[in-house]
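So the structure is just underneath, and the comments pick up after that.
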Amino acid sequence: MNLLDGKIVSQAVKDRLKTYTEERLVQGKKAPHLAAILIGNNGASETYVASKVKSCAEVGFTSTLIRLEESISEQELLFKLTELNDDFDVDGILVQLPLPKHISEQKVIETILPSKDVDGFHPESVGRMVQGLPAFYPATPYGILLMLEHYKIETKGKHAVVIGRSNIVGRPISIMLNKNEYPGNCTVTVCHSHTHNLKEICLQADIIITALGKPEFLKGDMVKEGAVIVDVGITRVPDASKKSGFSIKGDVDFNDVAPKCSYITPVPGGVGPMTIAALMMNTFKACAAKD
C-alpha cells in the first residue's frame, strides 16, 4: 500500500507555479491575482480562505480578501462581483461557499465571468469541459487528476467507480476520467444513493473515488486487491479523546481498506491540499490567457 500524499503533491505544484510566476515577473508581466470573497464568520470558511490566501503568498500571487457581512443583500454581492469582473488586474474570482440562505448560489456562480471562474462552476466552464474544450476544471476533481498524474497512476482502460454525483466533485470527476487523454480514458460508473448492488460494482473497480460525506462508508470487503482509492470525504466525528472534541474522518474506513490497496489517500492530508493547488493552477492559467 502506498499513500497518495496530497501535501507532497500540492507542494510540488506550488513550487512549479512559483517558478512560473518568477519567470513572468522577469519578463515584465504581472503576477496572477486572485480575489476571494468571504461572507459572514463561518469557521470552516475562514480556515479555507486563509489557506488560499497563504498559498497565493507562497507562489508569488497577489491576493485580495474581501470580507462582507452575512446580512449583505444579493444585489450588493452581485454588484461587487461585477466590479471584480471589470477589474483587469483581477484574474480569478472565488466566492467561498456556503452562502447565506437569502443569496442564490446559482446567480452568484453565473455572475462571475467565465474567464475568471477559477472555481470551475460556471455553466460555460462545465459545458466546455463536457465537450472536451479548454476550460477551468472544478478545483477538487482537478486536484485529483494532478495527484494521479504525479504518482503516474495508470488510468487508460481502467474501471473507475465514482460514489457521489454532486456538481462539485462526483459529476465533474466522472467526466474528466472519461476524457481521451491522460489521466483519463477510464470506463466510468457513477454510483449514488439509489444505486443497487453497490458492493458488487465497487469490487469490479480499479479506481474508486468516494465523495458522499458518510464517515468510513467504504469497507475492505467492498474493494478488490490492488485498487486505487481516492477519498474526497471529510466529516467531523465526535471524539472525546481529542482536545478539539472531534476527529476528521473520510468516506473510507482507512484501516480496513488500506491493506488491500495499491494506493490510497489519507484524510486529512490527501485531496484537501490538492484542491487549493488546483485553484492556484486555474488562477495562473487565467492570468496567462491574457498575455
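Ligands are numbered from 1 in the order shown, chains are lettered A, B, ... in the order of the C-alpha cells, and residues start at 1 in each chain.
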
Next on the checklist: Neighbouring residues of stretch 39-42 of chain A were defined as those with any atom within 7 Å, considering only C-alpha atoms; residues of the same chain fewer than 5 positions away were excluded. Please report them as a PyMOL selection string.
Outcome noted: chain A and resi 67-70

Residue contacts of A:Phe121 (7 Å, only C-alpha atoms) excluding same-chain residues fewer than 5 positions away, as an mmCIF file with C-alpha atoms, in the first residue's frame:
```
data_model
loop_
_atom_site.group_PDB
_atom_site.id
_atom_site.type_symbol
_atom_site.label_atom_id
_atom_site.label_comp_id
_atom_site.auth_asym_id
_atom_site.auth_seq_id
_atom_site.Cartn_x
_atom_site.Cartn_y
_atom_site.Cartn_z
ATOM 1 C CA ILE A 109 -21.847 31.489 -9.981
ATOM 2 C CA VAL A 126 -18.875 22.979 -17.258
ATOM 3 C CA PRO A 138 -13.578 22.411 -10.639
#
```

Item to check | Neighbour list for A:Leu34 as a list in words, cut-off 10 Å, only C-alpha atoms, skip fewer than 5 positions in-chain | outcome: Lys52, Val53, Cys56, Phe61, Thr62, Ser63, Thr64, Leu65, Asp89, Val90, Asp91, Gly92, Ile93, Leu94, Lys116, Val118, Leu279, Met280, Asn282, Thr283, Phe284, Ala286 and Cys287 of chain A

Checklist entry - Which residue gives the smallest distance to A:Lys156 among A:Pro183, A:Pro172, A:Pro273, A:Gly132, with only C-alpha atoms counted? => result A:Pro183

Next on the checklist: Let me make sure I understand: among A:Ile66, A:Ala211, A:Ile8, A:Ile175, which one has the smallest atom-to-atom distance to A:Gly127 if we use only C-alpha atoms?
Outcome noted: A:Ile175

Item to check | Contacts of A:Val257 within 7 Å, only C-alpha atoms, excl. fewer than 3 positions in-chain, as a list in words | outcome: Lys219, Gly220, Asp253, Phe254, Lys260 and Cys261 of chain A

Selection export as a short mmCIF file (atom, residue, chain, number, x, y, z; two decimals), in the first residue's frame, atoms kept: N, CA and C atoms:
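As a result, out.cif now contains:
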```cif
data_model
loop_
_atom_site.label_atom_id
_atom_site.label_comp_id
_atom_site.auth_asym_id
_atom_site.auth_seq_id
_atom_site.Cartn_x
_atom_site.Cartn_y
_atom_site.Cartn_z
N LYS A 219 -15.84 -0.03 3.02
CA LYS A 219 -15.16 -1.04 3.84
C LYS A 219 -14.26 -1.93 2.98
N GLY A 220 -13.39 -2.66 3.66
CA GLY A 220 -12.45 -3.53 2.97
C GLY A 220 -13.10 -4.58 2.09
N ASP A 253 -13.08 3.64 5.33
CA ASP A 253 -12.56 3.07 6.57
C ASP A 253 -11.10 2.70 6.30
N PHE A 254 -10.23 3.68 6.57
CA PHE A 254 -8.83 3.59 6.13
C PHE A 254 -8.15 2.30 6.61
N LYS A 260 -5.58 -3.59 1.38
CA LYS A 260 -5.93 -4.20 0.08
C LYS A 260 -5.53 -3.33 -1.11
N CYS A 261 -5.15 -2.08 -0.84
CA CYS A 261 -4.95 -1.11 -1.93
C CYS A 261 -3.53 -1.11 -2.48
#
```

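Neighbouring residues of A:Met176 at 8 Å or closer, counting only C-alpha atoms and skipping chain neighbours under 5 positions away, are Met129, Pro141 and Gly184 of chain A.
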
Writer output for current selection, C-alpha atoms, as a PDB file, in the first residue's frame:
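Output file again.pdb follows:
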```
ATOM      1  CA  MET A 129     -15.379  20.612 -20.005  1.00  0.00           C
ATOM      2  CA  PRO A 141     -11.592  16.993  -9.304  1.00  0.00           C
ATOM      3  CA  GLY A 184      -8.371   9.635 -18.343  1.00  0.00           C
TER       4      GLY A 184
END
```

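Backbone DSSP of stretch 214-251 of chain A yields strand (DSSP E or B) at Leu218, Ala227, Val228, Ile229, Val230, Asp231, Thr235, Arg236, Val237, Pro238, Phe246, Ser247, Ile248 and Lys249 of chain A.
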
Quick one: write out the picked residues with C-alpha atoms as an mmCIF file, in the first residue's frame?
```
data_model
loop_
_atom_site.group_PDB
_atom_site.id
_atom_site.type_symbol
_atom_site.label_atom_id
_atom_site.label_comp_id
_atom_site.auth_asym_id
_atom_site.auth_seq_id
_atom_site.Cartn_x
_atom_site.Cartn_y
_atom_site.Cartn_z
ATOM 1 C CA LEU A 218 -16.327 2.189 2.165
ATOM 2 C CA ALA A 227 -7.356 -0.961 -6.241
ATOM 3 C CA VAL A 228 -6.570 2.771 -6.141
ATOM 4 C CA ILE A 229 -8.712 4.625 -3.573
ATOM 5 C CA VAL A 230 -9.269 8.394 -3.567
ATOM 6 C CA ASP A 231 -11.220 9.612 -0.529
ATOM 7 C CA THR A 235 -16.562 14.766 8.199
ATOM 8 C CA ARG A 236 -16.151 15.859 11.815
ATOM 9 C CA VAL A 237 -16.984 12.954 14.129
ATOM 10 C CA PRO A 238 -17.335 13.433 17.933
ATOM 11 C CA PHE A 246 -13.792 15.628 17.281
ATOM 12 C CA SER A 247 -11.872 13.577 14.735
ATOM 13 C CA ILE A 248 -11.744 14.077 10.981
ATOM 14 C CA LYS A 249 -12.973 11.036 9.071
#
```

Item to check | stretch 13-19 of chain A surroundings by only C-alpha atoms, 7 Å radius, close-in-sequence under 4 positions cut, as a ChimeraX atom specification | outcome: /A:9,23,59-60,277

Item to check | d(atom CA of A:Phe217, atom CA of A:Ile153) in Å | outcome: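 Separation between atom CA of A:Phe217 and atom CA of A:Ile153: 23.9 Å.
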
Next on the checklist: Which residues are close to A:Val161, i.e. within 6 Å by only C-alpha atoms, leaving aside same-chain residues fewer than 5 positions away? Reply as a PyMOL selection string.
Outcome noted: chain A and resi 188-190+205+208

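Atom pair atom CA of A:Gly270 / atom CA of A:Tyr137 has a distance of 18.6 Å (rounded to one decimal).
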
Checklist entry - Which distance in Å separates atom CA of A:Pro268 and atom CA of A:Glu58, to one decimal? => result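 Going from atom CA of A:Pro268 over to atom CA of A:Glu58 covers 20.9 Å.
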